[in-house]
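Here is the file run-v5.cif (mmCIF, C-alpha atoms and all ligand atoms).
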data_upload
loop_
_atom_site.label_atom_id
_atom_site.label_comp_id
_atom_site.auth_asym_id
_atom_site.auth_seq_id
_atom_site.Cartn_x
_atom_site.Cartn_y
_atom_site.Cartn_z
CA ILE A 1 0.00 0.00 0.00
CA CYS A 2 1.30 3.39 -0.90
CA LEU A 3 0.68 5.30 2.30
CA SER A 4 0.84 8.60 0.57
CA ARG A 5 -2.11 7.50 -1.66
CA VAL A 6 -4.20 7.43 1.45
CA LEU A 7 -2.91 10.76 2.65
CA HIS A 8 -2.41 12.55 -0.70
CA PRO A 9 -3.92 12.47 -4.20
CA PRO A 10 -2.30 10.14 -6.86
CA SER A 11 -0.18 12.92 -8.37
CA ALA A 12 1.67 13.33 -5.07
CA CYS A 13 2.34 9.57 -5.06
CA ARG A 14 3.90 9.74 -8.54
CA SER A 15 6.19 12.59 -7.50
CA ARG A 16 7.31 10.61 -4.43
CA ARG A 17 8.35 7.73 -6.66
CA ALA A 18 10.42 10.15 -8.73
CA MET A 19 12.23 11.54 -5.70
CA GLY A 20 15.17 9.16 -6.10
CA SER A 21 16.25 10.70 -9.41
CA VAL A 22 17.81 14.09 -9.84
CA SER A 23 16.08 16.83 -11.79
CA ILE A 24 19.05 19.16 -12.13
CA PRO A 25 21.60 17.76 -14.62
CA PRO A 26 25.37 18.01 -14.08
CA PRO A 27 26.58 21.36 -15.43
CA ALA A 28 28.02 20.93 -18.93
CA SER A 29 30.92 23.28 -18.12
CA LEU A 30 32.16 20.94 -15.39
CA LEU A 31 32.27 18.04 -17.81
CA ARG A 32 34.97 19.87 -19.77
CA PRO A 33 38.60 19.88 -18.56
CA LEU A 34 39.83 22.77 -16.41
CA GLU A 35 41.57 25.41 -18.47
CA THR A 36 43.63 28.28 -17.13
CA PRO A 37 45.69 30.77 -19.15
CA GLN A 38 49.40 31.54 -18.70
CA ARG A 39 49.73 35.18 -17.69
CA LEU A 40 52.23 37.54 -16.16
CA LEU A 41 50.43 38.55 -12.98
CA SER A 42 51.87 42.03 -12.82
CA GLY A 43 48.94 43.63 -11.06
CA PRO A 44 48.88 44.35 -7.32
CA GLY A 45 48.46 40.64 -6.48
CA PRO A 46 48.22 37.73 -6.60
CA SER A 47 51.67 37.20 -8.12
CA ASN A 48 52.77 34.19 -10.18
CA VAL A 49 53.67 31.13 -8.16
CA PRO A 50 57.14 29.61 -8.85
CA PRO A 51 57.42 25.92 -9.82
CA ARG A 52 58.82 24.85 -6.41
CA VAL A 53 55.81 26.33 -4.63
CA LEU A 54 53.39 24.87 -7.20
CA ALA A 55 54.97 21.46 -6.58
CA ALA A 56 54.32 21.85 -2.85
CA ALA A 57 50.64 22.50 -3.61
CA ALA A 58 50.47 19.30 -5.65
CA ARG A 59 51.63 17.06 -2.77
CA GLN A 60 49.19 14.64 -1.18
CA ILE A 61 47.87 16.20 1.99
CA ILE A 62 48.30 14.87 5.53
CA GLY A 63 46.07 15.33 8.55
CA HIS A 64 45.96 18.86 9.89
CA MET A 65 47.08 17.72 13.38
CA HIS A 66 49.55 14.99 12.35
CA GLY A 67 53.00 15.31 13.87
CA GLU A 68 54.58 16.06 10.47
CA MET A 69 52.06 18.84 9.92
CA LEU A 70 52.83 20.37 13.29
CA GLU A 71 56.53 20.35 12.33
CA ILE A 72 55.72 22.12 9.08
CA MET A 73 53.76 24.70 11.08
CA ASP A 74 56.80 25.16 13.34
CA ASP A 75 58.94 25.75 10.22
CA ILE A 76 56.40 28.34 9.05
CA LYS A 77 56.51 30.07 12.41
CA LYS A 78 60.32 30.32 12.22
CA GLY A 79 60.10 31.52 8.60
CA ILE A 80 57.67 34.28 9.60
CA GLN A 81 59.89 35.29 12.53
CA TYR A 82 62.74 35.70 10.03
CA ALA A 83 60.65 37.52 7.40
CA PHE A 84 59.20 39.88 10.06
CA GLN A 85 62.53 40.15 11.97
CA THR A 86 60.91 39.31 15.28
CA GLN A 87 61.43 37.00 18.21
CA ASN A 88 57.74 37.13 19.11
CA ASN A 89 56.51 33.74 20.24
CA MET A 90 52.96 34.68 19.17
CA THR A 91 53.71 34.25 15.48
CA LEU A 92 51.58 32.13 13.17
CA ALA A 93 49.73 31.98 9.85
CA MET A 94 46.02 32.69 9.65
CA SER A 95 43.83 30.40 7.57
CA GLY A 96 42.54 32.96 5.11
CA PRO A 97 43.55 35.98 3.07
CA GLY A 98 44.92 39.32 4.31
CA HIS A 99 41.47 40.47 5.41
CA VAL A 100 41.34 37.62 7.92
CA ALA A 101 44.59 38.81 9.51
CA MET A 102 43.29 42.38 9.49
CA GLU A 103 40.12 41.37 11.33
CA CYS A 104 42.02 39.03 13.66
CA ALA A 105 44.37 41.85 14.66
CA ILE A 106 41.58 44.29 15.39
CA PHE A 107 38.95 41.94 16.85
CA ASN A 108 41.38 40.42 19.37
CA THR A 109 42.97 43.59 20.64
CA VAL A 110 40.12 46.10 20.66
CA GLU A 111 37.13 45.93 22.96
CA SER A 112 33.85 47.71 22.66
CA GLY A 113 34.23 51.34 23.71
CA GLU A 114 37.93 51.47 22.77
CA SER A 115 39.18 53.12 19.65
CA VAL A 116 41.66 52.78 16.82
CA LEU A 117 43.48 55.66 15.17
CA VAL A 118 43.80 54.86 11.48
CA ALA A 119 46.14 56.55 9.01
CA VAL A 120 43.99 56.57 5.88
CA ASN A 121 46.03 56.88 2.74
CA GLY A 122 44.10 54.63 0.44
CA ILE A 123 41.52 51.88 0.51
CA TRP A 124 43.20 49.69 3.14
CA GLY A 125 43.15 52.41 5.76
CA GLU A 126 39.54 53.14 4.86
CA ARG A 127 38.56 49.51 5.39
CA ALA A 128 40.40 49.24 8.72
CA ALA A 129 38.57 52.35 9.89
CA GLU A 130 35.29 50.73 8.94
CA ILE A 131 36.11 47.50 10.80
CA ALA A 132 37.24 49.37 13.92
CA LEU A 133 34.63 52.09 13.97
CA VAL A 134 34.71 53.07 17.62
CA GLU A 135 35.26 56.25 19.60
CA HIS A 136 37.31 57.40 22.63
CA LYS A 137 41.07 57.29 23.21
CA PRO A 138 42.86 55.07 20.70
CA VAL A 139 44.38 51.78 21.86
CA ILE A 140 45.85 51.04 18.46
CA PHE A 141 47.44 53.11 15.72
CA PHE A 142 46.80 51.40 12.38
CA LEU A 143 49.13 52.12 9.47
CA THR A 144 49.34 50.56 6.03
CA HIS A 145 53.05 50.23 5.28
CA GLY A 146 52.74 49.64 1.57
CA GLU A 147 49.47 51.22 0.47
CA SER A 148 48.84 49.21 -2.69
CA SER A 149 46.04 51.47 -3.89
CA SER A 150 48.18 54.61 -3.93
CA GLY A 151 51.66 53.08 -4.31
CA VAL A 152 53.02 54.82 -1.20
CA VAL A 153 55.41 53.26 1.30
CA HIS A 154 55.54 54.76 4.80
CA PRO A 155 58.73 55.39 6.73
CA LEU A 156 58.47 53.54 10.05
CA ASP A 157 61.15 54.79 12.41
CA GLY A 158 59.90 56.51 15.55
CA ILE A 159 56.24 55.57 15.19
CA GLY A 160 56.41 52.62 17.60
CA ASP A 161 57.97 54.73 20.38
CA LEU A 162 55.42 57.46 19.86
CA CYS A 163 52.55 54.96 20.08
CA HIS A 164 53.97 53.33 23.21
CA SER A 165 54.42 56.68 24.95
CA HIS A 166 50.65 57.11 24.52
CA ASN A 167 49.94 53.59 25.75
CA CYS A 168 48.86 52.67 22.24
CA LEU A 169 49.77 49.60 20.17
CA PHE A 170 51.32 50.01 16.72
CA LEU A 171 49.65 47.83 14.08
CA LEU A 172 51.21 47.62 10.62
CA ASP A 173 49.50 46.21 7.54
CA ALA A 174 52.28 44.93 5.31
CA VAL A 175 50.22 42.80 2.92
CA ALA A 176 51.62 44.56 -0.13
CA SER A 177 55.16 45.23 1.07
CA LEU A 178 56.54 42.53 3.34
CA GLY A 179 59.64 40.93 1.85
CA GLY A 180 59.93 43.68 -0.76
CA SER A 181 60.65 46.65 1.47
CA PRO A 182 62.52 46.85 4.81
CA ILE A 183 60.45 46.11 7.93
CA LEU A 184 62.09 45.21 11.27
CA MET A 185 59.25 44.33 13.60
CA ASP A 186 61.15 44.23 16.91
CA LYS A 187 63.53 47.12 16.23
CA GLN A 188 60.76 49.36 14.94
CA GLY A 189 58.47 48.68 17.87
CA ILE A 190 55.68 47.19 15.76
CA ASP A 191 53.16 45.40 18.00
CA ILE A 192 51.03 43.68 15.39
CA LEU A 193 52.24 42.90 11.89
CA TYR A 194 50.59 40.88 9.16
CA THR A 195 50.98 40.13 5.49
CA GLY A 196 49.40 37.93 2.81
CA SER A 197 50.76 34.87 1.05
CA GLN A 198 50.01 35.98 -2.49
CA LYS A 199 52.22 39.02 -3.00
CA VAL A 200 56.00 39.01 -2.41
CA LEU A 201 55.82 35.49 -0.93
CA ASN A 202 54.39 34.06 -4.20
CA SER A 203 52.16 31.46 -2.64
CA PRO A 204 48.55 31.08 -3.75
CA PRO A 205 46.19 33.36 -1.79
CA GLY A 206 44.69 31.90 1.38
CA THR A 207 47.20 32.13 4.24
CA ALA A 208 48.27 35.22 6.13
CA PRO A 209 51.33 35.42 8.41
CA ILE A 210 50.75 37.46 11.57
CA SER A 211 52.71 38.25 14.73
CA PHE A 212 51.91 39.92 18.07
CA SER A 213 54.40 41.54 20.47
CA GLU A 214 54.39 40.87 24.23
CA ARG A 215 52.64 44.21 24.66
CA ALA A 216 49.92 43.21 22.18
CA CYS A 217 49.54 39.80 23.88
CA LYS A 218 49.09 41.49 27.24
CA LYS A 219 46.26 43.60 25.84
CA MET A 220 44.71 40.76 23.86
CA PHE A 221 44.77 38.10 26.59
CA HIS A 222 43.60 40.38 29.39
CA ARG A 223 40.44 41.59 27.74
CA LYS A 224 37.24 41.74 29.75
CA THR A 225 35.01 40.45 26.98
CA LYS A 226 35.33 37.56 24.51
CA PRO A 227 36.49 38.43 20.98
CA LEU A 228 33.61 38.88 18.54
CA SER A 229 34.74 35.98 16.37
CA TYR A 230 35.24 32.35 17.36
CA PHE A 231 37.23 31.59 14.21
CA LEU A 232 39.59 34.52 14.77
CA ASP A 233 39.95 34.09 18.55
CA MET A 234 43.70 34.21 19.24
CA GLY A 235 43.20 32.14 22.40
CA TRP A 236 42.30 29.21 20.16
CA LEU A 237 44.76 30.05 17.39
CA ALA A 238 47.67 30.35 19.84
CA ASN A 239 46.95 26.78 20.92
CA TYR A 240 46.54 25.49 17.33
CA TRP A 241 49.98 26.93 16.52
CA GLY A 242 51.64 25.75 19.73
CA CYS A 243 52.26 29.32 20.94
CA ASP A 244 50.49 29.08 24.31
CA GLY A 245 52.95 26.76 26.07
CA LYS A 246 50.30 24.06 26.64
CA PRO A 247 51.51 20.45 26.08
CA THR A 248 48.63 19.50 23.77
CA ARG A 249 46.99 21.12 20.81
CA THR A 250 43.23 21.01 20.53
CA TYR A 251 41.19 20.99 17.35
CA HIS A 252 39.90 24.45 16.50
CA HIS A 253 39.44 24.41 12.71
CA THR A 254 40.88 22.43 9.79
CA GLY A 255 43.70 24.56 8.41
CA PRO A 256 44.46 24.86 4.67
CA ILE A 257 47.05 22.08 4.57
CA SER A 258 48.18 22.62 0.95
CA GLY A 259 48.30 26.34 1.69
CA PHE A 260 50.65 25.66 4.60
CA PHE A 261 52.85 23.46 2.36
CA THR A 262 53.18 26.32 -0.13
CA LEU A 263 53.73 28.95 2.55
CA ARG A 264 56.55 26.87 4.00
CA GLU A 265 58.24 26.70 0.60
CA SER A 266 57.76 30.43 -0.03
CA LEU A 267 59.31 31.26 3.32
CA ALA A 268 62.16 28.81 2.59
CA ILE A 269 62.86 30.57 -0.71
CA LEU A 270 62.97 33.94 1.10
CA ALA A 271 65.27 32.51 3.77
CA GLU A 272 67.61 31.09 1.11
CA MET A 273 67.68 34.36 -0.82
CA GLY A 274 68.06 36.58 2.27
CA LEU A 275 65.81 39.50 3.17
CA GLU A 276 68.32 42.20 2.25
CA ASN A 277 68.83 40.67 -1.21
CA SER A 278 65.07 40.59 -1.69
CA TRP A 279 64.66 44.23 -0.60
CA ASN A 280 67.51 45.30 -2.91
CA ARG A 281 66.13 43.36 -5.86
CA HIS A 282 62.69 44.96 -5.49
CA LYS A 283 64.27 48.41 -5.30
CA GLU A 284 66.40 47.85 -8.41
CA VAL A 285 63.57 46.40 -10.47
CA ALA A 286 61.16 49.15 -9.39
CA GLU A 287 63.72 51.81 -10.36
CA HIS A 288 64.23 50.12 -13.73
CA LEU A 289 60.46 50.12 -14.28
CA HIS A 290 60.09 53.74 -13.15
CA LYS A 291 62.88 54.90 -15.46
CA GLY A 292 61.31 53.06 -18.41
CA LEU A 293 57.88 54.51 -17.67
CA GLU A 294 59.19 58.05 -17.39
CA SER A 295 61.18 57.72 -20.61
CA MET A 296 57.93 56.77 -22.36
CA GLY A 297 56.25 59.91 -21.03
CA PHE A 298 54.25 58.32 -18.20
CA LYS A 299 53.95 60.23 -14.94
CA LEU A 300 54.33 58.32 -11.68
CA PHE A 301 51.47 58.98 -9.27
CA VAL A 302 53.80 59.20 -6.25
CA GLN A 303 56.11 62.11 -6.96
CA GLU A 304 58.61 61.83 -4.10
CA LYS A 305 60.96 59.01 -4.99
CA HIS A 306 61.74 57.92 -1.42
CA VAL A 307 58.11 57.08 -0.61
CA ARG A 308 57.47 55.04 -3.75
CA LEU A 309 56.43 51.50 -2.88
CA PRO A 310 58.92 49.15 -4.61
CA THR A 311 56.39 46.34 -4.95
CA VAL A 312 53.40 48.14 -6.50
CA THR A 313 53.84 51.12 -8.82
CA THR A 314 51.03 53.57 -9.45
CA ILE A 315 51.06 55.38 -12.79
CA THR A 316 48.87 58.42 -13.48
CA VAL A 317 46.42 57.51 -16.27
CA PRO A 318 47.83 59.36 -19.31
CA PRO A 319 45.59 62.28 -20.30
CA GLY A 320 43.02 61.42 -22.97
CA TYR A 321 43.22 57.66 -22.42
CA ASP A 322 40.66 55.35 -20.88
CA TRP A 323 42.51 53.33 -18.19
CA ARG A 324 40.28 50.33 -18.74
CA GLU A 325 41.09 50.15 -22.45
CA ILE A 326 44.80 50.07 -21.62
CA THR A 327 44.44 47.23 -19.12
CA VAL A 328 42.23 45.23 -21.49
CA TYR A 329 44.71 45.73 -24.34
CA ALA A 330 47.70 44.60 -22.25
CA MET A 331 45.86 41.49 -21.12
CA LYS A 332 44.45 40.56 -24.53
CA HIS A 333 47.53 41.16 -26.67
CA HIS A 334 50.40 40.61 -24.22
CA ASN A 335 48.99 38.37 -21.47
CA VAL A 336 50.20 41.02 -19.08
CA GLU A 337 48.06 42.05 -16.14
CA ILE A 338 47.89 45.73 -15.32
CA SER A 339 45.25 46.97 -12.89
CA GLY A 340 43.26 50.12 -12.51
CA GLY A 341 43.07 52.05 -9.23
CA LEU A 342 41.16 50.96 -6.16
CA GLY A 343 39.04 52.96 -3.75
CA PRO A 344 40.20 56.57 -3.70
CA SER A 345 42.65 56.00 -6.59
CA SER A 346 40.13 54.37 -8.92
CA GLY A 347 40.01 56.03 -12.33
CA MET A 348 43.22 57.92 -11.54
CA VAL A 349 45.95 55.33 -11.82
CA LEU A 350 47.22 52.17 -13.47
CA ARG A 351 48.88 49.74 -11.05
CA VAL A 352 51.81 47.46 -11.80
CA GLY A 353 53.03 44.96 -9.22
CA LEU A 354 56.32 43.06 -9.59
CA MET A 355 56.74 41.01 -6.46
CA GLY A 356 59.05 38.20 -5.33
CA TYR A 357 59.50 35.72 -8.18
CA ASN A 358 57.99 38.27 -10.57
CA SER A 359 60.40 40.99 -9.57
CA ASN A 360 62.99 40.99 -12.34
CA LYS A 361 64.00 43.31 -15.16
CA ALA A 362 62.73 40.96 -17.90
CA ASN A 363 59.21 41.16 -16.44
CA ALA A 364 59.49 44.93 -16.04
CA ASP A 365 60.43 45.09 -19.74
CA LYS A 366 57.38 42.98 -20.66
CA VAL A 367 55.15 45.44 -18.81
CA LEU A 368 56.84 48.40 -20.52
CA GLU A 369 56.40 46.78 -23.93
CA ALA A 370 52.71 46.09 -23.26
CA LEU A 371 52.18 49.69 -22.17
CA ARG A 372 54.11 51.07 -25.17
CA GLU A 373 51.90 49.09 -27.56
CA ALA A 374 48.76 49.99 -25.59
CA LEU A 375 49.48 53.70 -26.01
CA LYS A 376 49.82 53.17 -29.77
CA HIS A 377 46.65 51.16 -30.17
CA CYS A 378 44.21 52.51 -27.60
CA HIS A 379 41.95 55.38 -28.42
CA LYS A 380 43.19 58.81 -27.37
CA SER A 381 40.63 61.55 -27.11
CA LYS A 382 41.58 65.21 -27.63
CA VAL A 383 42.48 66.84 -24.33
N1 LIG A 401 46.13 45.33 2.86
C1 LIG A 401 46.79 45.70 1.74
C2 LIG A 401 47.81 46.80 1.82
C3 LIG A 401 46.55 45.05 0.54
O1 LIG A 401 47.21 45.42 -0.57
C4 LIG A 401 45.60 43.99 0.49
C5 LIG A 401 45.28 43.23 -0.79
N2 LIG A 401 45.47 43.90 -1.95
C6 LIG A 401 44.93 43.64 1.68
C7 LIG A 401 45.22 44.34 2.85
C8 LIG A 401 43.89 42.55 1.73
O2 LIG A 401 44.42 41.30 1.43
P1 LIG A 401 43.51 40.08 0.87
O3 LIG A 401 43.04 40.50 -0.50
O4 LIG A 401 44.48 38.93 0.84
O5 LIG A 401 42.40 39.88 1.81
#

In structure tokens, write the structure found in this file.
Ligand code: PMP
Amino acid sequence: ICLSRVLHPPSACRSRRAMGSVSIPPPASLLRPLETPQRLLSGPGPSNVPPRVLAAAARQIIGHMHGEMLEIMDDIKKGIQYAFQTQNNMTLAMSGPGHVAMECAIFNTVESGESVLVAVNGIWGERAAEIALVEHKPVIFFLTHGESSSGVVHPLDGIGDLCHSHNCLFLLDAVASLGGSPILMDKQGIDILYTGSQKVLNSPPGTAPISFSERACKKMFHRKTKPLSYFLDMGWLANYWGCDGKPTRTYHHTGPISGFFTLRESLAILAEMGLENSWNRHKEVAEHLHKGLESMGFKLFVQEKHVRLPTVTTITVPPGYDWREITVYAMKHHNVEISGGLGPSSGMVLRVGLMGYNSNKANADKVLEALREALKHCHKSKV
């Protein structure tokens, strides 16, 4: 007896019988092989991933709490301590992009009713101000070191001391600059520092190194209220990364295992190359690019040379040209990525990023060639 015939009319019974079969077919696009183009990722990030790091991503994964994994996480921690130039024990990689580190930094150290003083010099400062929208006396000074939307790099000396004399923590966003421009976390009195995996480090996006000073830990672990986010709670994350001195690690979330493999390799490459060599290479390549741009008649958006970010260059959109047409041309005809502006700089600049593995003169020349051809072929209106 079909019970539903008693309870429902025959049509309902027919539809019950059909419930075992799917009505939505597999998408045709997924039945075709994955295709991805080969491009020079010379925008503000992500950057191209070198073969050694790609190979790490292709390895079979292991369990996220297996002993070997914990050793790899320890290697990552040491690699970040080197890249940040810090001895902070509270050093780890967030599972997520730069935004996750940004929110982790702010959510863990700021309580309701406290405030953050943000240096806004582009979109990243604007976003931090939005996340930390609170009043009263600031407990944190937030600065973007390499502002990728404007192409400005901030001098750092003296800021930490100034913050500390006002009982304020110094937080530095170095997503777009770390590894490409000098940062010395301990010496410069930086209390919270984070970066992303996908820029100078040349890993795929999805992990974000972060470190907290003793002073920041004191503030963060003596808060009166729980952090707003469970996922970003540094109490849990400190344990996951073995930074809390407890003998056992407890499951908090499943970390991006392949992402940790790649981050380890990226940090190993940086350690082998040496930070100073990496800083010098970025400076040289950026100067080569800047010279080439100026000789073609382009104007750099940041006029003072000493505050030009060596990783991401902002170029004033040449008068009479549509920035979008230039970026589309470079991509279509040269497989070269050039970006437009972002936030306050949108419509005003073109952005070129040459970071880590991508930072060499041959790539700078490819970008220059693509721009030279774009100026010839894109429409120029009378100005
Ligand atoms: N801060 C800065 C300075 C950045 O350039 C970026 C990314 N362009 C971010 C934060 C955010 O990083 P993500 O896109 O990895 O979340």

Find the spatial neighbours of range 250-265 of chain A, counting only C-alpha atoms, within a cut-off of 6 Å - ignore same-chain residues fewer than 2 positions away - and output them as a PDB file with C-alpha atoms, in the frame of the given file.
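So the final result, stored in around-v4.pdb, reads:
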ATOM      1  CA  VAL A  53      55.810  26.330  -4.630  1.00  0.00           C
ATOM      2  CA  ALA A  56      54.320  21.850  -2.850  1.00  0.00           C
ATOM      3  CA  ALA A  57      50.640  22.500  -3.610  1.00  0.00           C
ATOM      4  CA  ILE A  76      56.400  28.340   9.050  1.00  0.00           C
ATOM      5  CA  SER A  95      43.830  30.400   7.570  1.00  0.00           C
ATOM      6  CA  SER A 203      52.160  31.460  -2.640  1.00  0.00           C
ATOM      7  CA  LEU A 267      59.310  31.260   3.320  1.00  0.00           C
ATOM      8  CA  ALA A 268      62.160  28.810   2.590  1.00  0.00           C
TER       9      ALA A 268
END

(request) Would you mind telling me which residue in A:Leu354, A:Pro204, A:Val302, A:Phe170 lies nearest to Ala55 in chain A when using only C-alpha atoms? (result)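 Of A:Leu354, A:Pro204, A:Val302, A:Phe170, the one nearest Ala55 in chain A is A:Pro204, counting only C-alpha atoms.
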
(message) ligand LIG 401 (chain A): which residues are within 6 Å, counting only C-alpha atoms and all ligand atoms? Reply as a PyMOL selection string.
(response) chain A and resi 97-99+124+144+146-148+173-176+196

(request) Would you please work out which residue, of A:Glu126, A:Ile106, A:Gly45, A:Gly179, is nearest to Ala271 in chain A when using all atoms listed in the file? (result)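 The closest residue to Ala271 in chain A is A:Gly179.
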
(message) When you look at range 357-371 of chain A with a cut-off of 7 Å (counting all atoms listed in the file), what residues show up, excluding the ones that are within fewer than 5 positions of it in the same chain? I need them as a PyMOL selection string.
(response) chain A and resi 47-48+50+202+282+285+288-289+292-293+330+334+336

(request) Find the residue from A:Gly160, A:Pro27, A:Pro155, A:Gly343 that sits nearest to Phe141 in chain A; use all atoms listed in the file when measuring. (result)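 Closest residue, counting all atoms listed in the file: A:Gly160.
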
(request) Find the distance between CA of Ile315 in chain A and CA of Val349 in chain A and write it in Å to one decimal. (result) 5.2 Å

(message) List the spatial neighbours of Met348 in chain A as JSON, numbers by chain - criterion: any atom at most 12 Å away, all atoms listed in the file, same-chain residues fewer than 2 positions off excluded.
(response) {"A": [149, 150, 299, 300, 301, 302, 314, 315, 316, 317, 318, 319, 320, 321, 322, 323, 324, 339, 340, 341, 342, 343, 344, 345, 346, 350, 351]}

Find the spatial neighbours of His166 in chain A, counting only C-alpha atoms, within a cut-off of 9 Å - ignore same-chain residues fewer than 3 positions away - and output them as a PDB file with C-alpha atoms, keeping the file's coordinate frame.
ATOM      1  CA  PRO A 138      42.860  55.070  20.700  1.00  0.00           C
ATOM      2  CA  VAL A 139      44.380  51.780  21.860  1.00  0.00           C
ATOM      3  CA  ASP A 161      57.970  54.730  20.380  1.00  0.00           C
ATOM      4  CA  LEU A 162      55.420  57.460  19.860  1.00  0.00           C
ATOM      5  CA  CYS A 163      52.550  54.960  20.080  1.00  0.00           C
ATOM      6  CA  LEU A 169      49.770  49.600  20.170  1.00  0.00           C
TER       7      LEU A 169
END

(message) Neighbouring residues of Cys243 in chain A were defined as those with any atom within 7 Å, considering only C-alpha atoms; residues of the same chain fewer than 2 positions away were excluded. Please report them as number ranges by chain.
(response) A: 89-90, 238-239, 241, 245

Emit the selected residues as a PDB file, keeping the file's coordinate frame, including C-alpha atoms.
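Once written, result-v1.pdb looks like this:
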ATOM      1  CA  ASN A  89      56.510  33.740  20.240  1.00  0.00           C
ATOM      2  CA  MET A  90      52.960  34.680  19.170  1.00  0.00           C
ATOM      3  CA  ALA A 238      47.670  30.350  19.840  1.00  0.00           C
ATOM      4  CA  ASN A 239      46.950  26.780  20.920  1.00  0.00           C
ATOM      5  CA  TRP A 241      49.980  26.930  16.520  1.00  0.00           C
ATOM      6  CA  GLY A 245      52.950  26.760  26.070  1.00  0.00           C
TER       7      GLY A 245
END

(request) Find the distance between CA of Phe142 in chain A and CA of Cys104 in chain A and write it in Å to one decimal. (result)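 Separation of CA of Phe142 in chain A and CA of Cys104 in chain A: 13.3 Å.
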
(message) Rounded to one decimal, what separation in Å do you get between CA of Glu71 in chain A and CA of Val100 in chain A?
(response)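 Separating CA of Glu71 in chain A from CA of Val100 in chain A is a distance of 23.4 Å.
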
Just give me the residues with any atom within 12 Å of (46.2, 46.2, -32.5), file coordinates, counting all atoms listed in the file, written as a short mmCIF file (atom, residue, chain, number, x, y, z; two decimals) with C-alpha atoms, in the coordinates of the input.
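Final file, result_11.cif:
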data_model
loop_
_atom_site.label_atom_id
_atom_site.label_comp_id
_atom_site.auth_asym_id
_atom_site.auth_seq_id
_atom_site.Cartn_x
_atom_site.Cartn_y
_atom_site.Cartn_z
CA GLU A 325 41.09 50.15 -22.45
CA ILE A 326 44.80 50.07 -21.62
CA VAL A 328 42.23 45.23 -21.49
CA TYR A 329 44.71 45.73 -24.34
CA ALA A 330 47.70 44.60 -22.25
CA LYS A 332 44.45 40.56 -24.53
CA HIS A 333 47.53 41.16 -26.67
CA HIS A 334 50.40 40.61 -24.22
CA ALA A 370 52.71 46.09 -23.26
CA ARG A 372 54.11 51.07 -25.17
CA GLU A 373 51.90 49.09 -27.56
CA ALA A 374 48.76 49.99 -25.59
CA LEU A 375 49.48 53.70 -26.01
CA LYS A 376 49.82 53.17 -29.77
CA HIS A 377 46.65 51.16 -30.17
CA CYS A 378 44.21 52.51 -27.60
CA HIS A 379 41.95 55.38 -28.42
#

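Nearest residue to Arg249 in chain A, choosing from A:Arg308, A:Ile338, A:Ser29, A:His64 and counting all atoms listed in the file: A:His64.
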
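Minimum atom-to-atom distances from A:Thr109, A:Gln303, A:Thr195, A:Lys187 to Met234 in chain A were compared using all atoms listed in the file, and the lowest value belongs to A:Thr109.
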
(request) Can you work out which one of A:Gln87, A:Ser229, A:Thr207, A:Ser177 has the shortest atom-to-atom distance to Thr311 in chain A, counting only C-alpha atoms? (result)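 Counting only C-alpha atoms, the residue closest to Thr311 in chain A is A:Ser177.
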